[in-house]
Amino acid sequence: MAVEHDWGQDPSVQMMRRVFSRMEIAQKNFLENLNISFFDKRIRGWRQTALDFFERSWAKANHDNIILDEEKVAAIYMHCFARATGGEGVEISRNSLPHDETVETLVKETLQ
């Protein structure tokens, strides 16, 4: 017997799908700008580190009552991903990241 799930219609699930899509596109563009192959073995580690940084930053934003839309959430992830790659010696241009003072301050405070 087939069970019908309607969680895919849930607005919060749909919003997270859009956020993940934005994060994937931003990461793809970021890596292309750095001329890093999508098959580079370092990417997996960077993603794991970025996820840790991202979760900490999102928790701090929630604690500090910072309102985050889809664009800001993706920007937080990209700043965290840049921190992860930069921490391994990859030179990151400021132009390769979204400029958002709230996001930049949040990530900086979270990861100091």
# chains A, B, ... in the order shown; residues from 1 in each chain; ligands from 1
$ residues_around --residues "A:Phe54" --least-positions-apart "6" --cutoff "7 Å" --atoms "only C-alpha atoms" --output "ChimeraX atom specification"
/A:76-77,80
$ write_last_selection --atoms "C-alpha atoms" --output "short mmCIF file (atom, residue, chain, number, x, y, z; two decimals), in the first residue's frame"
data_model
loop_
_atom_site.label_atom_id
_atom_site.label_comp_id
_atom_site.auth_asym_id
_atom_site.auth_seq_id
_atom_site.Cartn_x
_atom_site.Cartn_y
_atom_site.Cartn_z
CA ILE A 76 26.60 32.60 5.03
CA TYR A 77 27.43 29.21 3.56
CA CYS A 80 32.00 29.61 5.54
#
$ residues_around --residues "A:Ala82" --least-positions-apart "6" --cutoff "8 Å" --atoms "only C-alpha atoms" --output "list of chain:residue names"
A:Ala50, A:Ile92, A:Leu97
$ write_last_selection --atoms "C-alpha atoms" --output "mmCIF file, in the first residue's frame"
data_model
loop_
_atom_site.group_PDB
_atom_site.id
_atom_site.type_symbol
_atom_site.label_atom_id
_atom_site.label_comp_id
_atom_site.auth_asym_id
_atom_site.auth_seq_id
_atom_site.Cartn_x
_atom_site.Cartn_y
_atom_site.Cartn_z
ATOM 1 C CA ALA A 50 32.137 24.658 5.832
ATOM 2 C CA ILE A 92 40.314 33.894 -1.955
ATOM 3 C CA LEU A 97 32.063 36.281 -2.300
#
$ atom_distance --atom1 "atom CA of A:Glu32" --atom2 "atom CA of A:Ser93"
12.7 Å
$ select_by_dssp --residues "chain A" --states "helix (DSSP H, G or I)" --output "PyMOL selection string"
chain A and resi 7-9+11-33+42-63+70-86+94-96+101-111
$ write_last_selection --atoms "C-alpha atoms" --output "PDB file, in the first residue's frame"
ATOM      1  CA  TRP A   7       5.990  17.075   3.463  1.00  0.00           C
ATOM      2  CA  GLY A   8       7.216  18.165   0.035  1.00  0.00           C
ATOM      3  CA  GLN A   9       4.386  20.693  -0.005  1.00  0.00           C
ATOM      4  CA  PRO A  11       6.575  25.764   2.844  1.00  0.00           C
ATOM      5  CA  SER A  12       9.595  25.285   5.117  1.00  0.00           C
ATOM      6  CA  VAL A  13      10.720  22.232   3.094  1.00  0.00           C
ATOM      7  CA  GLN A  14      10.277  24.162  -0.147  1.00  0.00           C
ATOM      8  CA  MET A  15      12.254  27.088   1.285  1.00  0.00           C
ATOM      9  CA  MET A  16      15.133  24.791   2.307  1.00  0.00           C
ATOM     10  CA  ARG A  17      15.184  23.258  -1.166  1.00  0.00           C
ATOM     11  CA  ARG A  18      15.569  26.748  -2.628  1.00  0.00           C
ATOM     12  CA  VAL A  19      18.323  27.540  -0.103  1.00  0.00           C
ATOM     13  CA  PHE A  20      20.244  24.365  -0.978  1.00  0.00           C
ATOM     14  CA  SER A  21      19.864  25.151  -4.668  1.00  0.00           C
ATOM     15  CA  ARG A  22      21.288  28.649  -4.128  1.00  0.00           C
ATOM     16  CA  MET A  23      24.158  27.178  -2.096  1.00  0.00           C
ATOM     17  CA  GLU A  24      25.012  24.671  -4.840  1.00  0.00           C
ATOM     18  CA  ILE A  25      24.990  27.312  -7.570  1.00  0.00           C
ATOM     19  CA  ALA A  26      27.074  29.723  -5.491  1.00  0.00           C
ATOM     20  CA  GLN A  27      29.609  27.007  -4.661  1.00  0.00           C
ATOM     21  CA  LYS A  28      29.862  25.980  -8.331  1.00  0.00           C
ATOM     22  CA  ASN A  29      30.496  29.593  -9.390  1.00  0.00           C
ATOM     23  CA  PHE A  30      32.993  30.095  -6.565  1.00  0.00           C
ATOM     24  CA  LEU A  31      35.018  27.023  -7.580  1.00  0.00           C
ATOM     25  CA  GLU A  32      34.902  28.023 -11.249  1.00  0.00           C
ATOM     26  CA  ASN A  33      36.208  31.506 -10.374  1.00  0.00           C
ATOM     27  CA  ARG A  42      40.046  18.648  -1.265  1.00  0.00           C
ATOM     28  CA  ILE A  43      36.439  19.730  -1.861  1.00  0.00           C
ATOM     29  CA  ARG A  44      34.938  17.032   0.373  1.00  0.00           C
ATOM     30  CA  GLY A  45      36.963  18.206   3.370  1.00  0.00           C
ATOM     31  CA  TRP A  46      36.177  21.838   2.619  1.00  0.00           C
ATOM     32  CA  ARG A  47      32.471  21.026   2.516  1.00  0.00           C
ATOM     33  CA  GLN A  48      32.642  19.231   5.856  1.00  0.00           C
ATOM     34  CA  THR A  49      34.482  22.127   7.457  1.00  0.00           C
ATOM     35  CA  ALA A  50      32.137  24.658   5.832  1.00  0.00           C
ATOM     36  CA  LEU A  51      29.115  22.750   7.128  1.00  0.00           C
ATOM     37  CA  ASP A  52      30.467  22.935  10.685  1.00  0.00           C
ATOM     38  CA  PHE A  53      31.138  26.666  10.306  1.00  0.00           C
ATOM     39  CA  PHE A  54      27.726  27.174   8.685  1.00  0.00           C
ATOM     40  CA  GLU A  55      25.798  25.385  11.441  1.00  0.00           C
ATOM     41  CA  ARG A  56      27.591  27.438  14.096  1.00  0.00           C
ATOM     42  CA  SER A  57      26.923  30.679  12.199  1.00  0.00           C
ATOM     43  CA  TRP A  58      23.249  29.874  11.646  1.00  0.00           C
ATOM     44  CA  ALA A  59      22.835  29.023  15.335  1.00  0.00           C
ATOM     45  CA  LYS A  60      24.450  32.340  16.293  1.00  0.00           C
ATOM     46  CA  ALA A  61      22.162  34.206  13.886  1.00  0.00           C
ATOM     47  CA  ASN A  62      19.175  32.523  15.507  1.00  0.00           C
ATOM     48  CA  HIS A  63      20.487  33.322  18.995  1.00  0.00           C
ATOM     49  CA  GLU A  70      17.271  32.537   1.400  1.00  0.00           C
ATOM     50  CA  GLU A  71      19.913  34.809  -0.088  1.00  0.00           C
ATOM     51  CA  LYS A  72      21.548  35.535   3.282  1.00  0.00           C
ATOM     52  CA  VAL A  73      21.604  31.848   4.228  1.00  0.00           C
ATOM     53  CA  ALA A  74      23.401  31.010   0.971  1.00  0.00           C
ATOM     54  CA  ALA A  75      25.791  33.928   1.550  1.00  0.00           C
ATOM     55  CA  ILE A  76      26.599  32.604   5.035  1.00  0.00           C
ATOM     56  CA  TYR A  77      27.428  29.211   3.559  1.00  0.00           C
ATOM     57  CA  MET A  78      29.673  30.741   0.908  1.00  0.00           C
ATOM     58  CA  HIS A  79      31.598  32.779   3.472  1.00  0.00           C
ATOM     59  CA  CYS A  80      32.001  29.615   5.539  1.00  0.00           C
ATOM     60  CA  PHE A  81      33.124  27.656   2.469  1.00  0.00           C
ATOM     61  CA  ALA A  82      35.624  30.412   1.661  1.00  0.00           C
ATOM     62  CA  ARG A  83      36.960  30.225   5.227  1.00  0.00           C
ATOM     63  CA  ALA A  84      37.368  26.470   4.840  1.00  0.00           C
ATOM     64  CA  THR A  85      39.214  26.760   1.526  1.00  0.00           C
ATOM     65  CA  GLY A  86      41.272  29.740   2.644  1.00  0.00           C
ATOM     66  CA  ARG A  94      36.876  39.326  -1.867  1.00  0.00           C
ATOM     67  CA  ASN A  95      35.153  39.745  -5.222  1.00  0.00           C
ATOM     68  CA  SER A  96      34.392  36.011  -5.319  1.00  0.00           C
ATOM     69  CA  GLU A 101      27.978  43.293   5.947  1.00  0.00           C
ATOM     70  CA  THR A 102      25.578  41.450   8.277  1.00  0.00           C
ATOM     71  CA  VAL A 103      26.723  38.069   6.970  1.00  0.00           C
ATOM     72  CA  GLU A 104      30.396  39.000   7.013  1.00  0.00           C
ATOM     73  CA  THR A 105      30.176  40.217  10.614  1.00  0.00           C
ATOM     74  CA  LEU A 106      28.184  37.165  11.706  1.00  0.00           C
ATOM     75  CA  VAL A 107      30.658  34.686  10.232  1.00  0.00           C
ATOM     76  CA  LYS A 108      33.642  36.639  11.529  1.00  0.00           C
ATOM     77  CA  GLU A 109      32.230  36.756  15.081  1.00  0.00           C
ATOM     78  CA  THR A 110      31.240  33.095  14.983  1.00  0.00           C
ATOM     79  CA  LEU A 111      34.601  31.829  13.781  1.00  0.00           C
TER      80      LEU A 111
END
